[in-house]
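Single-structure report; data block below.
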Amino acid sequence: MGLEIKSVLVVDGVGPRCAEILNSHNIKVTTKAKITKEELLKEIPNHEALVVRSASQVTKEVLEAGTKLKVVGRAGAGVDNIDVEAAGAKGIGVINAPGANALSACELTCGLTLALARHIVPAAAALKDGRWERAQYTGTEVFGKTLAVLGLGRVGREVAVRMNAFGMKVLSYDPYVPVDAYGEDYGVRMELNEMWPLADYITLHMPLNDSTRNFVDAKVLKQCKKGVKIINVGRGGLIQERDLLDALQSGQVGGAALDVFEKEPPTDPLTLEIIKHPNVLASPHLGASTKEAQVRVGEEIAEQLVNLVKPGTYLTPLAEVTRILKKA
Ligand SMILES: NC(=O)c1ccc[n+]([C@@H]2O[C@H](COP(=O)([O-])OP(=O)(O)OC[C@H]3O[C@@H](n4cnc5c(N)ncnc54)[C@H](O)[C@@H]3O)[C@@H](O)[C@H]2O)c1
């Protein structure tokens, strides 16, 4: 016997394919594109499953209100907005759609890299403002430049392949992927201390956890070439913000493209100062925001829920999986 899921609450504007797939398997769906915390607390006791994107916070309070809740699905890569420990303690499973938006995040990364190299955004803004400014927006080619890819997961690997096609020298670092796993398909594997002085561009594609928080800090930036450019479509918190601002102001960092922030939307004065810096190109967490990815994440979560209903399915709470992995 699989999980008994009769009714699913789908919130945060998950695409209609999710509901279509669930409905076609006789699972009832209540869709609320936008939901307040109070509405969520009121609605959640009626459902065995909840599907969220990133807007709704699935806190301990929400999980406790979900008296019938068996599984929470995150239509996206991370599970940052779900209290995984609290879910585990209540035996509620947490699932996500990790691969569905990898290509979208990769393409944004590549776009930001080129935009930084060619000053596309400030140049376009100047022209819209009526200023024909050519000299100050002379850029650099990415051809022949060195790109350090940190994190060789679903997104990092795709970035490595595409930027290699632009003629960049791609270096990569990932302590959890064996050095001989992919040959040099995804860049030349290198230790960090060797990589920092060589990189013209650094792009971050690892998860945010205790070992990656503030991964790029003043100590790292000091080892880099003057004018190094940094792209973060991974997670806010991977770069130490105070150190980044200092390095932007001194010119040690020549440009940064940031799609993710420690707090979103950003309100901290330090983050806002970084965003306003002339050499910073910031986007409002758009990595997964493509039509294709939004369809894919909804489909992937719906298909996983349908599979869970099938006989013989057992769902290990994610908190338990995390504990097992930490012990290994
Ligand atoms: N901006 C967005 O909208 C957006 C979209 C998709 C993914 N993301 C984020 O991008 C990141 C990468 O996503 P993914 O789907 O490729 O994840 P993934 O799990 O497939 O890959 C992450 C990789 O990081 C590696 N890693 C872990 N710790 C590391 C460390 N200390 N140093 C170097 N590498 C390390 C892992 O071994 C893994 O290979 C995640 O943080 C994800 O949340 C953001």
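Ligands are numbered from 1 in the order shown, residues from 1 within each chain, and chains are lettered A, B, ... in the order they appear in the structure tokens.
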So that I can check the secondary structure, give me every residue of region 3-113 of chain A assigned strand (DSSP E or B) by backbone DSSP, as a PyMOL selection string. chain A and resi 7-11+28-32+49-52+58+71-74+82+93-96
Just-selected residues, C-alpha atoms written as a PDB file, in the first residue's frame:
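Result saved to again18.pdb:
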ATOM      1  CA  SER A   7      -6.278  15.922  -1.623  1.00  0.00           C
ATOM      2  CA  VAL A   8      -3.350  18.216  -2.427  1.00  0.00           C
ATOM      3  CA  LEU A   9      -3.030  21.935  -1.734  1.00  0.00           C
ATOM      4  CA  VAL A  10      -0.957  23.607  -4.477  1.00  0.00           C
ATOM      5  CA  VAL A  11       0.174  27.172  -3.739  1.00  0.00           C
ATOM      6  CA  LYS A  28      -8.251  16.298  -5.756  1.00  0.00           C
ATOM      7  CA  VAL A  29      -6.347  19.571  -6.039  1.00  0.00           C
ATOM      8  CA  THR A  30      -7.006  22.921  -4.403  1.00  0.00           C
ATOM      9  CA  THR A  31      -4.959  25.631  -6.108  1.00  0.00           C
ATOM     10  CA  LYS A  32      -4.198  28.981  -4.511  1.00  0.00           C
ATOM     11  CA  ALA A  49      -0.034  16.877   0.637  1.00  0.00           C
ATOM     12  CA  LEU A  50       1.155  20.435   0.089  1.00  0.00           C
ATOM     13  CA  VAL A  51       3.051  21.717  -2.953  1.00  0.00           C
ATOM     14  CA  VAL A  52       4.898  25.038  -2.645  1.00  0.00           C
ATOM     15  CA  VAL A  58       6.429  25.765   5.601  1.00  0.00           C
ATOM     16  CA  VAL A  71       4.198  14.987   2.340  1.00  0.00           C
ATOM     17  CA  VAL A  72       5.380  18.458   1.339  1.00  0.00           C
ATOM     18  CA  GLY A  73       6.616  18.930  -2.211  1.00  0.00           C
ATOM     19  CA  ARG A  74       8.846  21.821  -3.163  1.00  0.00           C
ATOM     20  CA  ILE A  82      10.579  24.083   4.542  1.00  0.00           C
ATOM     21  CA  GLY A  93       8.107  13.464   3.933  1.00  0.00           C
ATOM     22  CA  VAL A  94       9.716  16.302   1.982  1.00  0.00           C
ATOM     23  CA  ILE A  95      10.328  15.957  -1.747  1.00  0.00           C
ATOM     24  CA  ASN A  96      11.707  18.404  -4.305  1.00  0.00           C
TER      25      ASN A  96
END
At a cut-off of 8 Å and counting only C-alpha atoms and all ligand atoms, what residues surround ligand 1? Please answer as an MDAnalysis selection string. chainID A and resid 76:78 98:99 101:102 104:106 150:157 173:177 204:209 211:212 215 232:235 259:260 285:289
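Using only C-alpha atoms, the shortest contact distance between Thr113 (chain A) and any of A:Thr203, A:Ser54, A:Thr146, A:Thr138 is found at A:Thr203.
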Within 12 Å of Gly255 (chain A), counting only C-alpha atoms, which residues qualify if same-chain residues fewer than 6 places away don't, as number ranges by chain? A: 112-119, 139, 200-202, 226-232, 244-245, 247-249, 274-275, 277-282
Once you have the residues from the selection above, write them out as an mmCIF file, in the first residue's frame, restricted to N, CA and C atoms.
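To be explicit, this is the file written out as again07.cif:
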data_model
loop_
_atom_site.group_PDB
_atom_site.id
_atom_site.type_symbol
_atom_site.label_atom_id
_atom_site.label_comp_id
_atom_site.auth_asym_id
_atom_site.auth_seq_id
_atom_site.Cartn_x
_atom_site.Cartn_y
_atom_site.Cartn_z
ATOM 1 N N LEU A 112 24.548 36.121 -17.450
ATOM 2 C CA LEU A 112 25.126 37.109 -16.528
ATOM 3 C C LEU A 112 26.636 37.241 -16.757
ATOM 4 N N THR A 113 27.286 36.126 -17.053
ATOM 5 C CA THR A 113 28.729 36.161 -17.302
ATOM 6 C C THR A 113 29.022 37.057 -18.514
ATOM 7 N N LEU A 114 28.271 36.858 -19.580
ATOM 8 C CA LEU A 114 28.473 37.670 -20.789
ATOM 9 C C LEU A 114 28.074 39.123 -20.537
ATOM 10 N N ALA A 115 27.002 39.304 -19.761
ATOM 11 C CA ALA A 115 26.549 40.675 -19.476
ATOM 12 C C ALA A 115 27.605 41.433 -18.675
ATOM 13 N N LEU A 116 28.261 40.729 -17.741
ATOM 14 C CA LEU A 116 29.332 41.376 -16.960
ATOM 15 C C LEU A 116 30.502 41.742 -17.878
ATOM 16 N N ALA A 117 30.846 40.807 -18.776
ATOM 17 C CA ALA A 117 32.015 41.033 -19.641
ATOM 18 C C ALA A 117 31.791 42.220 -20.573
ATOM 19 N N ARG A 118 30.527 42.426 -20.998
ATOM 20 C CA ARG A 118 30.256 43.432 -22.030
ATOM 21 C C ARG A 118 29.455 44.632 -21.522
ATOM 22 N N HIS A 119 29.252 44.718 -20.207
ATOM 23 C CA HIS A 119 28.533 45.862 -19.599
ATOM 24 C C HIS A 119 27.166 46.075 -20.260
ATOM 25 N N GLY A 139 34.107 46.452 -23.508
ATOM 26 C CA GLY A 139 34.146 45.266 -22.643
ATOM 27 C C GLY A 139 35.375 44.423 -22.857
ATOM 28 N N ASP A 200 39.623 34.346 -13.849
ATOM 29 C CA ASP A 200 39.133 35.681 -14.229
ATOM 30 C C ASP A 200 37.672 35.815 -13.808
ATOM 31 N N TYR A 201 36.967 34.689 -13.801
ATOM 32 C CA TYR A 201 35.561 34.640 -13.391
ATOM 33 C C TYR A 201 35.397 33.465 -12.431
ATOM 34 N N ILE A 202 34.541 33.661 -11.415
ATOM 35 C CA ILE A 202 34.220 32.570 -10.477
ATOM 36 C C ILE A 202 32.705 32.441 -10.456
ATOM 37 N N LYS A 226 43.431 40.647 -9.349
ATOM 38 C CA LYS A 226 42.736 41.917 -9.180
ATOM 39 C C LYS A 226 41.719 42.065 -10.325
ATOM 40 N N GLY A 227 40.503 42.428 -9.975
ATOM 41 C CA GLY A 227 39.477 42.624 -10.997
ATOM 42 C C GLY A 227 38.666 41.374 -11.305
ATOM 43 N N VAL A 228 38.878 40.308 -10.519
ATOM 44 C CA VAL A 228 38.126 39.065 -10.737
ATOM 45 C C VAL A 228 36.616 39.361 -10.715
ATOM 46 N N LYS A 229 35.866 38.603 -11.519
ATOM 47 C CA LYS A 229 34.410 38.806 -11.559
ATOM 48 C C LYS A 229 33.724 37.567 -10.973
ATOM 49 N N ILE A 230 32.651 37.816 -10.220
ATOM 50 C CA ILE A 230 31.997 36.715 -9.500
ATOM 51 C C ILE A 230 30.525 36.637 -9.890
ATOM 52 N N ILE A 231 30.061 35.427 -10.120
ATOM 53 C CA ILE A 231 28.649 35.228 -10.474
ATOM 54 C C ILE A 231 28.052 34.277 -9.445
ATOM 55 N N ASN A 232 26.951 34.680 -8.845
ATOM 56 C CA ASN A 232 26.287 33.783 -7.882
ATOM 57 C C ASN A 232 24.817 33.594 -8.247
ATOM 58 N N LEU A 244 32.702 41.219 0.203
ATOM 59 C CA LEU A 244 32.456 41.475 -1.218
ATOM 60 C C LEU A 244 32.383 42.979 -1.470
ATOM 61 N N LEU A 245 31.659 43.679 -0.613
ATOM 62 C CA LEU A 245 31.529 45.130 -0.814
ATOM 63 C C LEU A 245 32.899 45.811 -0.714
ATOM 64 N N ALA A 247 35.754 44.514 -1.357
ATOM 65 C CA ALA A 247 36.555 44.148 -2.538
ATOM 66 C C ALA A 247 36.053 44.873 -3.791
ATOM 67 N N LEU A 248 34.741 45.120 -3.864
ATOM 68 C CA LEU A 248 34.209 45.893 -5.003
ATOM 69 C C LEU A 248 34.720 47.330 -4.921
ATOM 70 N N GLN A 249 34.720 47.855 -3.688
ATOM 71 C CA GLN A 249 35.140 49.251 -3.513
ATOM 72 C C GLN A 249 36.631 49.434 -3.786
ATOM 73 N N ILE A 274 25.445 46.780 -1.854
ATOM 74 C CA ILE A 274 26.087 45.922 -2.873
ATOM 75 C C ILE A 274 25.293 46.000 -4.184
ATOM 76 N N ILE A 275 23.984 45.854 -4.059
ATOM 77 C CA ILE A 275 23.127 45.845 -5.261
ATOM 78 C C ILE A 275 23.286 47.159 -6.041
ATOM 79 N N HIS A 277 25.900 49.059 -6.170
ATOM 80 C CA HIS A 277 27.264 49.340 -6.638
ATOM 81 C C HIS A 277 27.287 49.304 -8.169
ATOM 82 N N PRO A 278 27.979 50.284 -8.800
ATOM 83 C CA PRO A 278 27.951 50.354 -10.278
ATOM 84 C C PRO A 278 28.482 49.096 -10.974
ATOM 85 N N ASN A 279 29.333 48.329 -10.309
ATOM 86 C CA ASN A 279 29.870 47.135 -10.976
ATOM 87 C C ASN A 279 29.090 45.869 -10.610
ATOM 88 N N VAL A 280 27.920 46.062 -10.039
ATOM 89 C CA VAL A 280 27.117 44.888 -9.668
ATOM 90 C C VAL A 280 25.876 44.816 -10.544
ATOM 91 N N LEU A 281 25.641 43.617 -11.018
ATOM 92 C CA LEU A 281 24.454 43.336 -11.819
ATOM 93 C C LEU A 281 23.606 42.387 -10.971
ATOM 94 N N ALA A 282 22.462 42.860 -10.507
ATOM 95 C CA ALA A 282 21.671 42.032 -9.600
ATOM 96 C C ALA A 282 20.326 41.701 -10.229
#
Quick one: everything within 9 Å of Asp83 (chain A), counting only C-alpha atoms, minus sequence neighbours fewer than 4 positions away in the same chain. Send it as a ChimeraX atom specification. /A:57-60,63,79,87-88
What separation in Å, quoted to one decimal, exists between CA of Glu292 (chain A) and CA of Glu107 (chain A)? 12.2 Å
Those of region 23-194 of chain A in DSSP alpha helix (DSSP H), formatted as a ChimeraX atom specification: /A:23-24,37-43,60-65,84-89,102-118,120-128,154-165,192-194
Of the residues A:Asp180, A:Ala100, A:Ala65, A:Val220, which is the one nearest to Ile301 (chain A), using only C-alpha atoms?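 Looking at the shortest contact to Ile301 (chain A), the residue is A:Ala100.
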So how many Å separate CA of Ile92 (chain A) and CA of Leu238 (chain A), to one decimal?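 Between CA of Ile92 (chain A) and CA of Leu238 (chain A) the gap works out to 28.9 Å.
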Selected residue, from A:Ile120, A:Leu108, A:Asn193, A:Val188, that lies nearest to Val159 (chain A) when counting only C-alpha atoms: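 Looking at the shortest contact to Val159 (chain A), the residue is A:Leu108.
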